[in-house]
>>> print(open('input.txt').read())   # compact mmCIF, C-alpha atoms
# COMPACT_ATOMS: atom_id res chain seq x y z
CA MET A 198 142.58 58.93 -37.74
CA LYS A 199 145.86 59.63 -39.51
CA ALA A 200 147.31 61.20 -36.35
CA GLY A 201 146.44 58.10 -34.31
CA LEU A 202 147.93 55.80 -36.92
CA SER A 203 151.12 57.82 -37.13
CA SER A 204 151.52 57.86 -33.36
CA ARG A 205 151.13 54.07 -33.21
CA LEU A 206 153.70 53.63 -35.98
CA PHE A 207 156.09 56.00 -34.19
CA PHE A 208 155.67 54.04 -30.95
CA ARG A 209 156.23 50.75 -32.78
CA ASP A 210 159.38 52.14 -34.39
CA ARG A 211 160.73 53.23 -31.01
CA ILE A 212 160.21 49.71 -29.65
CA ALA A 213 161.93 48.22 -32.71
CA VAL A 214 164.90 50.57 -32.27
CA SER A 215 165.22 49.87 -28.54
CA LYS A 216 165.19 46.07 -28.89
CA PRO A 217 168.82 45.81 -30.11
CA PHE A 218 169.90 47.81 -27.04
CA ALA A 219 167.91 45.46 -24.78
CA PHE A 220 169.50 42.51 -26.59
CA ALA A 221 172.98 43.96 -25.99
CA LEU A 222 172.21 44.57 -22.30
CA CYS A 223 171.15 40.95 -21.90
CA LEU A 224 174.45 39.83 -23.46
CA LEU A 225 176.52 42.16 -21.28
CA PRO A 226 176.78 39.77 -18.28
CA LEU A 227 178.15 37.07 -20.57
CA ALA A 228 180.61 39.49 -22.15
CA LEU A 229 181.85 40.57 -18.70
CA LEU A 230 182.16 36.94 -17.67
CA VAL A 231 184.24 36.12 -20.74
CA TRP A 232 186.38 39.21 -20.12
CA ASP A 233 187.01 38.24 -16.49
CA THR A 234 187.83 34.68 -17.61
CA LEU A 235 190.38 35.86 -20.16
CA ARG A 236 191.97 38.16 -17.56
CA GLU A 237 191.92 35.37 -14.95
CA GLN A 238 189.83 37.48 -12.60
CA LEU A 239 187.48 34.74 -11.38
CA GLY A 240 189.21 34.17 -8.06
CA THR A 241 190.50 30.96 -6.55
CA ASP A 242 187.61 28.82 -7.85
CA PRO A 243 186.90 29.99 -11.41
CA VAL A 244 184.56 27.10 -12.23
CA ALA A 245 182.35 27.91 -9.25
CA GLN A 246 182.30 31.56 -10.35
CA LEU A 247 181.28 30.60 -13.88
CA GLU A 248 178.46 28.46 -12.55
CA HIS A 249 177.34 31.00 -9.97
CA ARG A 250 177.27 34.01 -12.29
CA THR A 251 175.51 32.25 -15.16
CA GLY A 252 172.98 30.76 -12.74
CA ASP A 253 172.41 34.16 -11.13
CA TRP A 254 171.67 35.82 -14.45
CA ALA A 255 169.41 33.00 -15.55
CA LEU A 256 167.36 33.49 -12.39
CA ARG A 257 167.37 37.30 -12.60
CA LEU A 258 166.17 37.31 -16.19
CA PHE A 259 163.64 34.63 -15.33
CA LEU A 260 162.15 36.83 -12.60
CA ALA A 261 162.30 39.87 -14.90
CA THR A 262 160.24 37.91 -17.44
CA LEU A 263 157.64 37.07 -14.79
CA ALA A 264 157.56 40.72 -13.71
CA ILE A 265 156.43 41.97 -17.14
CA THR A 266 152.72 41.17 -16.71
CA PRO A 267 152.35 42.63 -13.17
CA LEU A 268 154.24 45.77 -14.23
CA ARG A 269 152.04 46.10 -17.31
CA ARG A 270 148.89 45.84 -15.19
CA LEU A 271 150.11 48.27 -12.55
CA SER A 272 151.46 50.87 -14.98
CA GLY A 273 149.13 50.36 -17.92
CA SER A 274 152.19 50.22 -20.20
CA ALA A 275 151.35 47.57 -22.78
CA TRP A 276 154.70 48.05 -24.55
CA LEU A 277 156.46 46.07 -21.80
CA VAL A 278 155.04 42.85 -23.27
CA ARG A 279 157.19 43.36 -26.36
CA TYR A 280 160.29 42.51 -24.30
CA ARG A 281 158.93 39.45 -22.51
CA ARG A 282 159.91 36.82 -25.07
CA MET A 283 163.43 38.21 -25.38
CA LEU A 284 163.95 38.16 -21.62
CA GLY A 285 162.53 34.65 -21.35
CA LEU A 286 164.78 33.30 -24.09
CA PHE A 287 167.83 34.93 -22.54
CA ALA A 288 166.91 33.39 -19.19
CA PHE A 289 166.84 29.99 -20.92
CA PHE A 290 170.14 30.80 -22.68
CA TYR A 291 171.93 31.57 -19.40
CA ALA A 292 170.40 28.45 -17.82
CA CYS A 293 171.86 26.43 -20.72
CA VAL A 294 175.27 28.04 -20.24
CA HIS A 295 174.99 27.32 -16.51
CA LEU A 296 174.20 23.63 -17.11
CA THR A 297 176.82 23.29 -19.86
CA THR A 298 179.50 24.78 -17.61
CA TYR A 299 178.67 22.26 -14.91
CA LEU A 300 178.55 19.32 -17.33
CA VAL A 301 181.58 20.12 -19.49
CA ILE A 302 183.99 21.78 -17.06
CA ASP A 303 182.97 20.47 -13.66
CA LEU A 304 182.04 16.90 -14.65
CA GLY A 305 184.31 16.62 -17.68
CA GLY A 306 181.44 15.80 -20.02
CA TYR A 307 180.39 12.59 -18.28
CA TRP A 308 176.62 12.37 -18.79
CA SER A 309 176.37 9.28 -16.58
CA GLN A 310 177.84 11.23 -13.68
CA LEU A 311 175.37 14.04 -14.30
CA LEU A 312 172.47 11.58 -14.04
CA THR A 313 173.97 10.21 -10.82
CA GLU A 314 174.23 13.73 -9.36
CA ILE A 315 170.63 14.47 -10.36
CA ALA A 316 169.39 11.34 -8.65
CA LYS A 317 171.55 11.77 -5.54
CA ARG A 318 171.40 15.51 -4.78
CA PRO A 319 168.02 17.25 -4.27
CA TYR A 320 169.32 20.65 -5.42
CA MET A 321 170.45 19.04 -8.68
CA THR A 322 167.09 17.28 -9.07
CA VAL A 323 165.07 20.49 -8.82
CA GLY A 324 167.61 22.49 -10.85
CA PHE A 325 167.63 20.05 -13.74
CA SER A 326 163.84 19.76 -13.56
CA ALA A 327 163.57 23.56 -13.83
CA TRP A 328 165.75 23.49 -16.95
CA LEU A 329 163.78 20.62 -18.50
CA LEU A 330 160.52 22.53 -18.05
CA LEU A 331 162.03 25.53 -19.82
CA VAL A 332 162.93 23.51 -22.93
CA PRO A 333 159.37 23.16 -24.34
CA LEU A 334 158.64 26.79 -23.39
CA ALA A 335 161.63 28.00 -25.40
CA LEU A 336 160.78 25.76 -28.36
CA THR A 337 157.19 27.06 -28.48
CA SER A 338 157.97 30.73 -27.88
CA THR A 339 157.37 31.81 -31.51
CA ARG A 340 154.15 33.38 -32.75
CA ARG A 341 153.67 30.50 -35.19
CA MET A 342 153.67 27.99 -32.34
CA MET A 343 151.37 30.23 -30.34
CA HIS A 344 148.79 30.20 -33.13
CA ARG A 345 149.28 26.50 -33.82
CA LEU A 346 148.77 25.42 -30.21
CA GLY A 347 145.95 27.86 -29.47
CA ARG A 348 144.66 27.50 -25.91
CA ARG A 349 147.12 24.69 -25.26
CA TRP A 350 149.95 27.22 -25.65
CA GLN A 351 148.77 29.16 -22.61
CA GLN A 352 148.30 25.97 -20.62
CA LEU A 353 151.79 24.80 -21.55
CA HIS A 354 153.41 28.10 -20.64
CA ARG A 355 151.95 27.99 -17.16
CA LEU A 356 154.81 25.61 -16.46
CA VAL A 357 156.94 28.74 -16.17
CA TYR A 358 155.67 29.22 -12.60
CA VAL A 359 156.69 25.70 -11.60
CA SER A 360 160.06 26.15 -13.27
CA ALA A 361 160.65 29.46 -11.47
CA LEU A 362 159.91 27.90 -8.09
CA LEU A 363 162.21 24.95 -8.81
CA ALA A 364 164.98 27.32 -9.93
CA VAL A 365 164.76 29.30 -6.68
CA LEU A 366 164.71 26.08 -4.64
CA HIS A 367 167.79 24.91 -6.57
CA PHE A 368 169.66 28.03 -5.45
CA LEU A 369 168.32 27.85 -1.89
CA TRP A 370 169.30 24.21 -1.40
CA LEU A 371 172.65 24.71 -3.13
CA VAL A 372 173.79 27.41 -0.70
CA LYS A 373 175.20 25.95 2.51
CA ALA A 374 175.78 28.98 4.72
CA ASP A 375 174.46 32.42 3.77
CA HIS A 376 170.89 32.05 2.51
CA ARG A 377 170.11 35.75 2.19
CA GLU A 378 170.51 35.99 -1.59
CA PRO A 379 168.31 32.99 -2.49
CA LEU A 380 165.72 34.11 0.08
CA ILE A 381 165.59 37.51 -1.63
CA TYR A 382 164.86 35.76 -4.93
CA LEU A 383 162.22 33.64 -3.19
CA GLY A 384 160.59 36.78 -1.77
CA ILE A 385 160.58 38.46 -5.18
CA LEU A 386 159.00 35.36 -6.73
CA ALA A 387 156.33 35.29 -4.02
CA LEU A 388 155.50 38.97 -4.62
CA LEU A 389 155.30 38.40 -8.38
CA MET A 390 152.98 35.43 -7.93
CA LEU A 391 150.80 37.48 -5.57
CA ALA A 392 150.69 40.35 -8.08
CA ARG A 393 149.54 37.93 -10.79
CA SER A 394 146.79 36.40 -8.64
CA ASP A 395 143.07 37.05 -9.14
CA ALA A 396 142.74 38.18 -5.51
CA PHE A 397 145.32 40.94 -6.03
CA ARG A 398 143.65 42.08 -9.25
CA SER A 399 140.25 42.31 -7.57
CA MET A 400 141.74 44.26 -4.63
CA ARG A 401 143.39 46.66 -7.05
CA ALA A 402 140.17 47.09 -9.02
CA ARG A 403 138.26 47.95 -5.82
CA ALA A 404 140.96 50.44 -4.84
CA LEU A 405 140.78 52.16 -8.23
CA ARG A 406 136.98 52.52 -8.30
CA PRO A 407 136.86 55.70 -6.15
CA GLU A 408 139.52 57.33 -8.35
CA LYS A 409 137.59 56.47 -11.52
CA ALA A 410 134.35 57.75 -10.02
CA LEU A 411 136.06 60.99 -8.99
CA ALA A 412 137.55 61.43 -12.45
CA GLN A 413 134.17 60.86 -14.12
CA SER A 414 132.46 63.34 -11.80
CA ARG A 415 134.87 66.02 -12.89
>>> encode(input="input.txt", output="structure tokens")
Amino acid sequence: MKAGLSSRLFFRDRIAVSKPFAFALCLLPLALLVWDTLREQLGTDPVAQLEHRTGDWALRLFLATLAITPLRRLSGSAWLVRYRRMLGLFAFFYACVHLTTYLVIDLGGYWSQLLTEIAKRPYMTVGFSAWLLLVPLALTSTRRMMHRLGRRWQQLHRLVYVSALLAVLHFLWLVKADHREPLIYLGILALLMLARSDAFRSMRARALRPEKALAQSR
């Protein structure tokens, strides 16, 4: 009993110690972006680079957040869930930086022009919609809100799938020539959604039954 308790406490301590490192890794892309900005290493169109890199990292962290549950199910490593909220909030943070860069630097802070762009350009419509859907998810990401909302919390946070699809479509429709990168993100999202589906879980359960039966027979 004591050995089991001590091992759980040790595991919990290791997670607590590793979280600051994960936090620093999530901030690293922003630090590199600031460094490149200060050194004037953003190329001939620095504003486009700022928007592209912040948008890329918002999408990457978004997909990493969605990958936590499938990876946990495939590997049986429950500790991965401890990083999900951090990754999700950092995805929202980079999406906010991405939008702020576009609004403040590209549009000069003119909200009316932003609304015009959203109404006129489909890639802006889906991109802004993806960000809007993330706002209530970020605001209700705490344990207190989880307990307060109960089942409604899970229903609300299913919007993350819609937001992810809209974010990928935003990137796909934004790119005019080479669509390989956004298509890669779309493929990853499709695989993650498949891995989270009930059909995939039932197929995996059927595949694991012979292994479990063999292990029990031994």
>>> axis_aligned_box(input="input.txt", around="range 308-312 of chain A", padding_each_side="3 Å", output="JSON")
{"center_x": 175.2, "center_y": 11.7, "center_z": -16.2, "size_x": 11.4, "size_y": 10.8, "size_z": 11.1}
>>> atom_distance(input="input.txt", atom1="CA of Arg279 in chain A", atom2="CA of Arg355 in chain A")
18.7 Å
>>> residues_around(input="input.txt", residues="range 300-313 of chain A", least_positions_apart="5", cutoff="10 Å", atoms="only C-alpha atoms", output="compact mmCIF listing (two decimals) with C-alpha atoms, in the frame of the given file")
# COMPACT_ATOMS: atom_id res chain seq x y z
CA VAL A 244 184.56 27.10 -12.23
CA ALA A 245 182.35 27.91 -9.25
CA LEU A 247 181.28 30.60 -13.88
CA GLU A 248 178.46 28.46 -12.55
CA VAL A 294 175.27 28.04 -20.24
CA HIS A 295 174.99 27.32 -16.51
CA ARG A 318 171.40 15.51 -4.78
CA MET A 321 170.45 19.04 -8.68
CA THR A 322 167.09 17.28 -9.07
CA PHE A 325 167.63 20.05 -13.74
>>> atom_distance(input="input.txt", atom1="CA of Arg340 in chain A", atom2="CA of Ser215 in chain A")
20.3 Å
>>> atom_distance(input="input.txt", atom1="CA of Ser272 in chain A", atom2="CA of Leu260 in chain A")
17.8 Å
>>> closest_residue(input="input.txt", among="A:Ile315, A:Leu230, A:Val365, A:Val357", to="Pro333 in chain A", atoms="all atoms listed in the file")
A:Val357
>>> closest_residue(input="input.txt", among="A:Thr337, A:Leu363, A:Gln352, A:Ala221", to="Gly285 in chain A", atoms="all atoms listed in the file")
A:Thr337
>>> closest_residue(input="input.txt", among="A:Leu239, A:Leu356, A:Leu227, A:Leu258", to="Leu329 in chain A", atoms="only C-alpha atoms")
A:Leu356
>>> closest_atom_pairs(input="input.txt", of="range 345-392 of chain A", to="range 265-270 of chain A", cutoff="12 Å", atoms="all atoms listed in the file", output="Markdown table")
| residue | atom | partner | partner_atom | distance |
| --- | --- | --- | --- | --- |
| A:Leu386 | CA | A:Pro267 | CA | 11.8 |
| A:Leu388 | CA | A:Pro267 | CA | 9.8 |
| A:Leu389 | CA | A:Pro267 | CA | 7.0 |
| A:Met390 | CA | A:Pro267 | CA | 8.9 |
| A:Leu391 | CA | A:Pro267 | CA | 9.3 |
| A:Ala392 | CA | A:Pro267 | CA | 5.8 |
>>> closest_residue(input="input.txt", among="A:Cys293, A:Leu271, A:Leu225, A:Leu362", to="Ala255 in chain A", atoms="only C-alpha atoms")
A:Cys293
>>> residues_around(input="input.txt", residues="range 371-379 of chain A", least_positions_apart="4", cutoff="10 Å", atoms="only C-alpha atoms", output="JSON list (two decimals) with C-alpha atoms, in the coordinates of the input")
[["chain", "number", "residue", "atom", "x", "y", "z"],
["A", 253, "ASP", "CA", 172.41, 34.16, -11.13],
["A", 256, "LEU", "CA", 167.36, 33.49, -12.39],
["A", 318, "ARG", "CA", 171.40, 15.51, -4.78],
["A", 319, "PRO", "CA", 168.02, 17.25, -4.27],
["A", 320, "TYR", "CA", 169.32, 20.65, -5.42],
["A", 321, "MET", "CA", 170.45, 19.04, -8.68],
["A", 324, "GLY", "CA", 167.61, 22.49, -10.85],
["A", 364, "ALA", "CA", 164.98, 27.32, -9.93],
["A", 365, "VAL", "CA", 164.76, 29.30, -6.68],
["A", 366, "LEU", "CA", 164.71, 26.08, -4.64],
["A", 367, "HIS", "CA", 167.79, 24.91, -6.57],
["A", 383, "LEU", "CA", 162.22, 33.64, -3.19],
["A", 384, "GLY", "CA", 160.59, 36.78, -1.77],
["A", 385, "ILE", "CA", 160.58, 38.46, -5.18]]
>>> build_atoms(input="input.txt", residues="range 339-367 of chain A", atoms="N, CA and C atoms", output="JSON list (two decimals), in the coordinates of the input")
[["chain", "number", "residue", "atom", "x", "y", "z"],
["A", 339, "THR", "N", 157.62, 31.03, -30.30],
["A", 339, "THR", "CA", 157.37, 31.81, -31.51],
["A", 339, "THR", "C", 155.88, 32.06, -31.69],
["A", 340, "ARG", "N", 155.55, 33.07, -32.47],
["A", 340, "ARG", "CA", 154.15, 33.38, -32.75],
["A", 340, "ARG", "C", 153.48, 32.26, -33.53],
["A", 341, "ARG", "N", 154.23, 31.61, -34.41],
["A", 341, "ARG", "CA", 153.67, 30.50, -35.19],
["A", 341, "ARG", "C", 153.22, 29.38, -34.27],
["A", 342, "MET", "N", 154.05, 29.03, -33.28],
["A", 342, "MET", "CA", 153.67, 27.99, -32.34],
["A", 342, "MET", "C", 152.52, 28.43, -31.45],
["A", 343, "MET", "N", 152.47, 29.70, -31.13],
["A", 343, "MET", "CA", 151.37, 30.23, -30.34],
["A", 343, "MET", "C", 150.04, 30.04, -31.05],
["A", 344, "HIS", "N", 150.01, 30.36, -32.35],
["A", 344, "HIS", "CA", 148.79, 30.20, -33.13],
["A", 344, "HIS", "C", 148.47, 28.73, -33.37],
["A", 345, "ARG", "N", 149.51, 27.92, -33.54],
["A", 345, "ARG", "CA", 149.28, 26.50, -33.82],
["A", 345, "ARG", "C", 148.72, 25.78, -32.60],
["A", 346, "LEU", "N", 149.22, 26.10, -31.42],
["A", 346, "LEU", "CA", 148.77, 25.42, -30.21],
["A", 346, "LEU", "C", 147.47, 25.99, -29.64],
["A", 347, "GLY", "N", 147.18, 27.26, -29.95],
["A", 347, "GLY", "CA", 145.95, 27.86, -29.47],
["A", 347, "GLY", "C", 145.91, 27.94, -27.95],
["A", 348, "ARG", "N", 144.81, 27.45, -27.36],
["A", 348, "ARG", "CA", 144.66, 27.50, -25.91],
["A", 348, "ARG", "C", 145.70, 26.62, -25.21],
["A", 349, "ARG", "N", 146.12, 25.57, -25.87],
["A", 349, "ARG", "CA", 147.12, 24.69, -25.26],
["A", 349, "ARG", "C", 148.44, 25.41, -25.03],
["A", 350, "TRP", "N", 148.72, 26.45, -25.83],
["A", 350, "TRP", "CA", 149.95, 27.22, -25.65],
["A", 350, "TRP", "C", 149.96, 27.88, -24.27],
["A", 351, "GLN", "N", 148.85, 28.49, -23.91],
["A", 351, "GLN", "CA", 148.77, 29.16, -22.61],
["A", 351, "GLN", "C", 148.87, 28.15, -21.47],
["A", 352, "GLN", "N", 148.22, 27.00, -21.64],
["A", 352, "GLN", "CA", 148.30, 25.97, -20.62],
["A", 352, "GLN", "C", 149.73, 25.46, -20.46],
["A", 353, "LEU", "N", 150.41, 25.26, -21.59],
["A", 353, "LEU", "CA", 151.79, 24.80, -21.55],
["A", 353, "LEU", "C", 152.69, 25.80, -20.85],
["A", 354, "HIS", "N", 152.51, 27.07, -21.17],
["A", 354, "HIS", "CA", 153.41, 28.10, -20.64],
["A", 354, "HIS", "C", 153.14, 28.46, -19.18],
["A", 355, "ARG", "N", 152.12, 27.86, -18.60],
["A", 355, "ARG", "CA", 151.95, 27.99, -17.16],
["A", 355, "ARG", "C", 153.00, 27.20, -16.39],
["A", 356, "LEU", "N", 153.69, 26.33, -17.09],
["A", 356, "LEU", "CA", 154.81, 25.61, -16.46],
["A", 356, "LEU", "C", 155.92, 26.55, -16.02],
["A", 357, "VAL", "N", 155.90, 27.78, -16.53],
["A", 357, "VAL", "CA", 156.94, 28.74, -16.17],
["A", 357, "VAL", "C", 156.93, 29.02, -14.67],
["A", 358, "TYR", "N", 155.74, 28.97, -14.04],
["A", 358, "TYR", "CA", 155.67, 29.22, -12.60],
["A", 358, "TYR", "C", 156.31, 28.09, -11.82],
["A", 359, "VAL", "N", 156.07, 26.86, -12.25],
["A", 359, "VAL", "CA", 156.69, 25.70, -11.60],
["A", 359, "VAL", "C", 158.20, 25.74, -11.78],
["A", 360, "SER", "N", 158.64, 26.07, -12.99],
["A", 360, "SER", "CA", 160.06, 26.15, -13.27],
["A", 360, "SER", "C", 160.73, 27.22, -12.43],
["A", 361, "ALA", "N", 160.08, 28.37, -12.28],
["A", 361, "ALA", "CA", 160.65, 29.46, -11.47],
["A", 361, "ALA", "C", 160.82, 29.03, -10.02],
["A", 362, "LEU", "N", 159.81, 28.37, -9.48],
["A", 362, "LEU", "CA", 159.91, 27.90, -8.09],
["A", 362, "LEU", "C", 161.03, 26.88, -7.93],
["A", 363, "LEU", "N", 161.14, 25.96, -8.87],
["A", 363, "LEU", "CA", 162.21, 24.95, -8.81],
["A", 363, "LEU", "C", 163.59, 25.60, -8.93],
["A", 364, "ALA", "N", 163.70, 26.63, -9.77],
["A", 364, "ALA", "CA", 164.98, 27.32, -9.93],
["A", 364, "ALA", "C", 165.40, 28.01, -8.63],
["A", 365, "VAL", "N", 164.44, 28.64, -7.95],
["A", 365, "VAL", "CA", 164.76, 29.30, -6.68],
["A", 365, "VAL", "C", 165.12, 28.26, -5.62],
["A", 366, "LEU", "N", 164.39, 27.15, -5.59],
["A", 366, "LEU", "CA", 164.71, 26.08, -4.64],
["A", 366, "LEU", "C", 166.10, 25.50, -4.92],
["A", 367, "HIS", "N", 166.45, 25.38, -6.20],
["A", 367, "HIS", "CA", 167.79, 24.91, -6.57],
["A", 367, "HIS", "C", 168.87, 25.78, -5.94]]
